[in-house]
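In what follows, a structure is listed as structure tokens, so that the remarks can point back to it.
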Amino acid sequence: MHDPAQDPAFRDALIAVQDAERARIAGELHDELGQLLTSLRLSLAELSASLASPEQQDLACDLEALSAQALHVVRGMSHALHPPLLQRAGLAAALEAMCERQDARGAVRCTLQVPAGLPRLPDALELAVYRIAQEALGNALRHARATQIEVSLLVRARTLQLTVRDDGAGYDVDAPAGFGRRGMQARAAQHAGQLHERSDAQGTCVRASFPLDEIPAA
């Protein structure tokens with residue numbers, strides 16, 4: 001029986017639908033829920049200023065702080081679903097922002113290396129590379145208990161190479177791939193690329209390689 005998931009046209013259409021849905025949800029989070037939380041925060045600030053009781057003022061201030069925290073989380077979720085910086089400034093800038101956000105949390109050291117003067121890539125390719133990096137980094141954080149993550153882009157031998165390396169607990173690369181790993185493989189294949197995973201008790205290395213003819217001249 002024919003498996004539609006093995007059809008490149010079906011795979012590409014599925015990825016396009018997923019990306020469009022992510023963009024829609026990101027817009028709703030940012031525009032609708034974000035605006036509601038902003039209004040709530042402003043209202044709580046006004047309420048706090050009008051209260052006479054110090055206890056009530058403290059409670060209103062606490063609720064205002066919680067609403068600000070919720071707004072920060074919602075904006076982070078929106079950017080993760082559909083990073084506006086990727087379209088505006090390109091892959092290197094979007095990866096830098098992703099690593100800086102993670103590094104700022106303090107629990108895991110995340111570093112980035114990119115070649116100077118990397119030209120803009122086709123939009124779909126930039127998104128594919130970004131999503132692979134995002135998934136590999138997320139796996140290292142959620143499952144590997146990593147303390148250091150290194151993300152790098154390299155251009156050599158007519159190939160664009162993304163590498164995400166961590167010092168976590170590792171996993172069995174021969175085990176059936178889950179949804180996230182299958183997604184990375186599909187995004188690499190979508191652009192004639194290859195995905196390689198190496199993992200042991202000392203850490204994991206995920207490497208995605210794409211042919212250089214996908215990259216326009218600078």
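Identifiers in the structure tokens: chain A, B, ... in order shown; residue index from 1 per chain; ligand index from 1 in order shown.
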Fewer than 4 positions away in the same chain doesn't count, so skip those; otherwise give me all residues within 7 Å of Asp167 (chain A), counting only C-alpha atoms, as a list of chain:residue names.
-> A:Ala146, A:Thr147, A:Gln148, A:Ile149, A:Gln202, A:Gly203, A:Thr204
Extract, using only C-alpha atoms, all DNA, RNA and protein residues at most 7 Å from region 169-182 of chain A, discarding same-chain residues fewer than 4 positions from it, and format them as a VMD selection string.
-> chain A and resid 135 144 to 145 186 197 to 204
Save the residues we just selected, N, CA, C and O atoms, as a PDB file, in the first residue's frame?
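Saved to again_6.pdb:
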```pdb
ATOM      1  N   GLU A 135      14.342  22.585  16.812  1.00  0.00           N
ATOM      2  CA  GLU A 135      13.950  21.267  17.308  1.00  0.00           C
ATOM      3  C   GLU A 135      15.120  20.580  18.006  1.00  0.00           C
ATOM      4  O   GLU A 135      14.949  19.981  19.073  1.00  0.00           O
ATOM      5  N   ALA A 144      17.680  15.778  27.099  1.00  0.00           N
ATOM      6  CA  ALA A 144      19.074  15.365  27.292  1.00  0.00           C
ATOM      7  C   ALA A 144      19.702  15.903  28.571  1.00  0.00           C
ATOM      8  O   ALA A 144      20.804  15.495  28.932  1.00  0.00           O
ATOM      9  N   ARG A 145      19.011  16.844  29.231  1.00  0.00           N
ATOM     10  CA  ARG A 145      19.568  17.473  30.439  1.00  0.00           C
ATOM     11  C   ARG A 145      20.943  18.075  30.156  1.00  0.00           C
ATOM     12  O   ARG A 145      21.879  17.945  30.946  1.00  0.00           O
ATOM     13  N   ALA A 186      12.319  15.479   7.468  1.00  0.00           N
ATOM     14  CA  ALA A 186      11.487  15.930   6.359  1.00  0.00           C
ATOM     15  C   ALA A 186      11.919  17.301   5.857  1.00  0.00           C
ATOM     16  O   ALA A 186      11.967  17.550   4.649  1.00  0.00           O
ATOM     17  N   GLU A 197      22.553  12.203  12.725  1.00  0.00           N
ATOM     18  CA  GLU A 197      22.509  12.275  14.178  1.00  0.00           C
ATOM     19  C   GLU A 197      23.547  11.321  14.771  1.00  0.00           C
ATOM     20  O   GLU A 197      23.628  10.168  14.366  1.00  0.00           O
ATOM     21  N   ARG A 198      24.301  11.839  15.719  1.00  0.00           N
ATOM     22  CA  ARG A 198      25.232  11.007  16.462  1.00  0.00           C
ATOM     23  C   ARG A 198      25.021  11.292  17.938  1.00  0.00           C
ATOM     24  O   ARG A 198      24.986  12.457  18.352  1.00  0.00           O
ATOM     25  N   SER A 199      24.844  10.247  18.732  1.00  0.00           N
ATOM     26  CA  SER A 199      24.524  10.463  20.139  1.00  0.00           C
ATOM     27  C   SER A 199      25.100   9.333  20.985  1.00  0.00           C
ATOM     28  O   SER A 199      25.064   8.164  20.598  1.00  0.00           O
ATOM     29  N   ASP A 200      25.648   9.706  22.136  1.00  0.00           N
ATOM     30  CA  ASP A 200      26.119   8.732  23.118  1.00  0.00           C
ATOM     31  C   ASP A 200      26.024   9.377  24.495  1.00  0.00           C
ATOM     32  O   ASP A 200      25.423  10.454  24.647  1.00  0.00           O
ATOM     33  N   ALA A 201      26.617   8.760  25.486  1.00  0.00           N
ATOM     34  CA  ALA A 201      26.506   9.257  26.857  1.00  0.00           C
ATOM     35  C   ALA A 201      27.212  10.594  27.049  1.00  0.00           C
ATOM     36  O   ALA A 201      26.981  11.277  28.058  1.00  0.00           O
ATOM     37  N   GLN A 202      28.075  10.980  26.120  1.00  0.00           N
ATOM     38  CA  GLN A 202      28.791  12.254  26.232  1.00  0.00           C
ATOM     39  C   GLN A 202      28.057  13.413  25.543  1.00  0.00           C
ATOM     40  O   GLN A 202      28.467  14.556  25.666  1.00  0.00           O
ATOM     41  N   GLY A 203      26.993  13.103  24.819  1.00  0.00           N
ATOM     42  CA  GLY A 203      26.255  14.175  24.171  1.00  0.00           C
ATOM     43  C   GLY A 203      25.737  13.787  22.800  1.00  0.00           C
ATOM     44  O   GLY A 203      25.907  12.651  22.341  1.00  0.00           O
ATOM     45  N   THR A 204      25.109  14.753  22.145  1.00  0.00           N
ATOM     46  CA  THR A 204      24.464  14.530  20.856  1.00  0.00           C
ATOM     47  C   THR A 204      24.920  15.581  19.860  1.00  0.00           C
ATOM     48  O   THR A 204      25.117  16.745  20.214  1.00  0.00           O
TER      49      THR A 204
END
```
For Ser78 (chain A), which residue among A:Leu14, A:Leu195, A:Leu153, A:Leu33 is the nearest when counting only C-alpha atoms?
-> A:Leu33
At most 12 Å is the cut-off: for each residue in region 25-106 of chain A with any atom that close to an atom of region 159-164 of chain A, write down the nearest atom pair and the distance in Å rounded to one decimal, counting only C-alpha atoms, chain first then increasing number, as a Markdown table.
```
| residue | atom | partner | partner_atom | distance |
| --- | --- | --- | --- | --- |
| A:Leu91 | CA | A:Leu162 | CA | 11.2 |
| A:Ala92 | CA | A:Leu162 | CA | 11.1 |
| A:Leu95 | CA | A:Leu162 | CA | 10.9 |
| A:Cys99 | CA | A:Val164 | CA | 11.2 |
```
Residue subset to file, keeping N, CA, C and O atoms, as a PDB file, in the first residue's frame:
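Heads up, here's the output in again_38.pdb:
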```pdb
ATOM      1  N   LEU A  91      18.594  34.399   8.584  1.00  0.00           N
ATOM      2  CA  LEU A  91      18.816  33.221   9.399  1.00  0.00           C
ATOM      3  C   LEU A  91      19.801  33.462  10.533  1.00  0.00           C
ATOM      4  O   LEU A  91      19.559  33.065  11.671  1.00  0.00           O
ATOM      5  N   ALA A  92      20.933  34.098  10.243  1.00  0.00           N
ATOM      6  CA  ALA A  92      21.949  34.301  11.278  1.00  0.00           C
ATOM      7  C   ALA A  92      21.389  35.105  12.445  1.00  0.00           C
ATOM      8  O   ALA A  92      21.604  34.764  13.613  1.00  0.00           O
ATOM      9  N   LEU A  95      18.842  32.928  14.466  1.00  0.00           N
ATOM     10  CA  LEU A  95      19.526  31.941  15.303  1.00  0.00           C
ATOM     11  C   LEU A  95      20.213  32.616  16.488  1.00  0.00           C
ATOM     12  O   LEU A  95      20.208  32.080  17.606  1.00  0.00           O
ATOM     13  N   CYS A  99      19.453  31.736  20.435  1.00  0.00           N
ATOM     14  CA  CYS A  99      20.483  31.335  21.393  1.00  0.00           C
ATOM     15  C   CYS A  99      20.585  32.327  22.547  1.00  0.00           C
ATOM     16  O   CYS A  99      20.790  31.925  23.699  1.00  0.00           O
TER      17      CYS A  99
END
```
Mind checking DSSP for region 10-217 of chain A and telling me the helix (DSSP H, G or I) residues as a PyMOL selection string?
-> chain A and resi 10-50+54-81+84-89+91-105+123-142+179-190+212-214
Residue with the minimum atom-to-atom distance to His72 (chain A), picked from A:Glu46, A:Leu86, A:Leu37, A:Gln194 with only C-alpha atoms counted, is A:Leu37
Arg41 (chain A) surroundings by only C-alpha atoms, 8 Å radius, close-in-sequence under 2 positions cut, as a PDB file with all heavy atoms, in the first residue's frame:
```pdb
ATOM      1  N   LEU A  37      -3.781  40.809  27.437  1.00  0.00           N
ATOM      2  CA  LEU A  37      -2.893  40.829  28.601  1.00  0.00           C
ATOM      3  C   LEU A  37      -2.320  42.221  28.841  1.00  0.00           C
ATOM      4  O   LEU A  37      -2.137  42.634  29.994  1.00  0.00           O
ATOM      5  CB  LEU A  37      -1.765  39.807  28.419  1.00  0.00           C
ATOM      6  CG  LEU A  37      -2.185  38.340  28.552  1.00  0.00           C
ATOM      7  CD1 LEU A  37      -1.063  37.425  28.111  1.00  0.00           C
ATOM      8  CD2 LEU A  37      -2.584  38.031  29.998  1.00  0.00           C
ATOM      9  N   THR A  38      -2.039  42.939  27.765  1.00  0.00           N
ATOM     10  CA  THR A  38      -1.554  44.312  27.924  1.00  0.00           C
ATOM     11  C   THR A  38      -2.622  45.186  28.570  1.00  0.00           C
ATOM     12  O   THR A  38      -2.333  45.978  29.480  1.00  0.00           O
ATOM     13  CB  THR A  38      -1.159  44.897  26.555  1.00  0.00           C
ATOM     14  OG1 THR A  38      -0.089  44.127  25.993  1.00  0.00           O
ATOM     15  CG2 THR A  38      -0.696  46.343  26.697  1.00  0.00           C
ATOM     16  N   SER A  39      -3.859  45.047  28.116  1.00  0.00           N
ATOM     17  CA  SER A  39      -4.968  45.806  28.717  1.00  0.00           C
ATOM     18  C   SER A  39      -5.153  45.435  30.175  1.00  0.00           C
ATOM     19  O   SER A  39      -5.387  46.309  31.035  1.00  0.00           O
ATOM     20  CB  SER A  39      -6.254  45.550  27.935  1.00  0.00           C
ATOM     21  OG  SER A  39      -6.134  45.996  26.601  1.00  0.00           O
ATOM     22  N   SER A  43      -4.844  47.946  33.368  1.00  0.00           N
ATOM     23  CA  SER A  43      -5.973  48.098  34.285  1.00  0.00           C
ATOM     24  C   SER A  43      -5.563  47.797  35.723  1.00  0.00           C
ATOM     25  O   SER A  43      -5.996  48.481  36.665  1.00  0.00           O
ATOM     26  CB  SER A  43      -7.116  47.167  33.863  1.00  0.00           C
ATOM     27  OG  SER A  43      -7.613  47.519  32.589  1.00  0.00           O
ATOM     28  N   LEU A  44      -4.738  46.789  35.905  1.00  0.00           N
ATOM     29  CA  LEU A  44      -4.272  46.457  37.250  1.00  0.00           C
ATOM     30  C   LEU A  44      -3.377  47.556  37.813  1.00  0.00           C
ATOM     31  O   LEU A  44      -3.406  47.830  39.020  1.00  0.00           O
ATOM     32  CB  LEU A  44      -3.524  45.122  37.231  1.00  0.00           C
ATOM     33  CG  LEU A  44      -4.413  43.877  37.077  1.00  0.00           C
ATOM     34  CD1 LEU A  44      -3.559  42.652  36.771  1.00  0.00           C
ATOM     35  CD2 LEU A  44      -5.234  43.654  38.344  1.00  0.00           C
ATOM     36  N   ALA A  45      -2.602  48.193  36.951  1.00  0.00           N
ATOM     37  CA  ALA A  45      -1.769  49.305  37.413  1.00  0.00           C
ATOM     38  C   ALA A  45      -2.641  50.469  37.878  1.00  0.00           C
ATOM     39  O   ALA A  45      -2.365  51.104  38.915  1.00  0.00           O
ATOM     40  CB  ALA A  45      -0.829  49.754  36.289  1.00  0.00           C
ATOM     41  N   GLU A  64      -0.476  42.423  38.728  1.00  0.00           N
ATOM     42  CA  GLU A  64       0.109  43.133  37.588  1.00  0.00           C
ATOM     43  C   GLU A  64       1.411  42.454  37.146  1.00  0.00           C
ATOM     44  O   GLU A  64       1.673  42.290  35.951  1.00  0.00           O
ATOM     45  CB  GLU A  64       0.376  44.593  37.950  1.00  0.00           C
ATOM     46  CG  GLU A  64       0.960  45.396  36.796  1.00  0.00           C
ATOM     47  CD  GLU A  64       1.402  46.784  37.219  1.00  0.00           C
ATOM     48  OE1 GLU A  64       1.163  47.163  38.384  1.00  0.00           O
ATOM     49  OE2 GLU A  64       2.004  47.482  36.388  1.00  0.00           O
ATOM     50  N   ALA A  65       2.232  42.042  38.112  1.00  0.00           N
ATOM     51  CA  ALA A  65       3.484  41.358  37.788  1.00  0.00           C
ATOM     52  C   ALA A  65       3.213  40.021  37.096  1.00  0.00           C
ATOM     53  O   ALA A  65       3.916  39.642  36.147  1.00  0.00           O
ATOM     54  CB  ALA A  65       4.305  41.142  39.054  1.00  0.00           C
ATOM     55  N   SER A  67       0.573  39.309  35.284  1.00  0.00           N
ATOM     56  CA  SER A  67       0.094  39.583  33.929  1.00  0.00           C
ATOM     57  C   SER A  67       1.254  39.961  33.013  1.00  0.00           C
ATOM     58  O   SER A  67       1.273  39.591  31.833  1.00  0.00           O
ATOM     59  CB  SER A  67      -0.962  40.697  33.947  1.00  0.00           C
ATOM     60  OG  SER A  67      -0.398  41.944  34.338  1.00  0.00           O
ATOM     61  N   ALA A  68       2.239  40.677  33.543  1.00  0.00           N
ATOM     62  CA  ALA A  68       3.420  41.021  32.747  1.00  0.00           C
ATOM     63  C   ALA A  68       4.212  39.772  32.397  1.00  0.00           C
ATOM     64  O   ALA A  68       4.718  39.627  31.274  1.00  0.00           O
ATOM     65  CB  ALA A  68       4.303  42.009  33.518  1.00  0.00           C
TER      66      ALA A  68
END
```
Per DSSP on the backbone, filter region 33-180 of chain A down to the residues in strand (DSSP E or B) and report them as a PDB file with C-alpha atoms, in the first residue's frame.
```pdb
ATOM      1  CA  ARG A 109      24.919  27.870  28.125  1.00  0.00           C
ATOM      2  CA  CYS A 110      24.028  28.312  24.433  1.00  0.00           C
ATOM      3  CA  THR A 111      26.567  29.649  21.917  1.00  0.00           C
ATOM      4  CA  LEU A 112      26.378  30.389  18.191  1.00  0.00           C
ATOM      5  CA  GLN A 113      28.981  30.498  15.429  1.00  0.00           C
ATOM      6  CA  GLN A 148      25.988  23.430  27.088  1.00  0.00           C
ATOM      7  CA  ILE A 149      24.630  23.689  23.553  1.00  0.00           C
ATOM      8  CA  GLU A 150      26.655  24.839  20.544  1.00  0.00           C
ATOM      9  CA  VAL A 151      24.922  25.930  17.343  1.00  0.00           C
ATOM     10  CA  SER A 152      27.006  26.607  14.250  1.00  0.00           C
ATOM     11  CA  LEU A 153      26.571  27.386  10.572  1.00  0.00           C
ATOM     12  CA  LEU A 154      29.373  26.575   8.162  1.00  0.00           C
ATOM     13  CA  VAL A 155      29.730  26.977   4.390  1.00  0.00           C
ATOM     14  CA  ARG A 156      32.257  24.680   2.727  1.00  0.00           C
ATOM     15  CA  THR A 159      27.462  22.820   1.256  1.00  0.00           C
ATOM     16  CA  LEU A 160      25.662  24.788   3.950  1.00  0.00           C
ATOM     17  CA  GLN A 161      26.044  22.886   7.209  1.00  0.00           C
ATOM     18  CA  LEU A 162      24.077  23.395  10.403  1.00  0.00           C
ATOM     19  CA  THR A 163      25.404  21.680  13.532  1.00  0.00           C
ATOM     20  CA  VAL A 164      23.750  21.547  16.945  1.00  0.00           C
ATOM     21  CA  ARG A 165      25.912  19.876  19.587  1.00  0.00           C
ATOM     22  CA  ASP A 166      25.157  19.334  23.279  1.00  0.00           C
TER      23      ASP A 166
END
```
Polymer residues at most 8 Å from Ile132 (chain A), only C-alpha atoms, same-chain spacing of 6 or more positions, as a list in words | Gly183, Met184, Arg187 and Ala208 of chain A
Point-to-point distance from CA of Glu126 (chain A) to CA of Pro84 (chain A), Å rounded to tenths =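 According to the coordinates, CA of Glu126 (chain A) and CA of Pro84 (chain A) are separated by 12.3 Å.
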Min atom-atom distance to His30 (chain A) from the set A:Val74, A:Val17, A:Leu59, A:Ala49, counting only C-alpha atoms, belongs to A:Val74
Separation of CA of Ala140 (chain A) and CA of Ala80 (chain A), in Å?
->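 One can read the CA of Ala140 (chain A) to CA of Ala80 (chain A) distance as 16.1 Å.
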Point-to-point distance in Å for CA of Ala97 (chain A) and CA of Ala128 (chain A) =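 Separation between CA of Ala128 (chain A) and CA of Ala97 (chain A): 16.5 Å.
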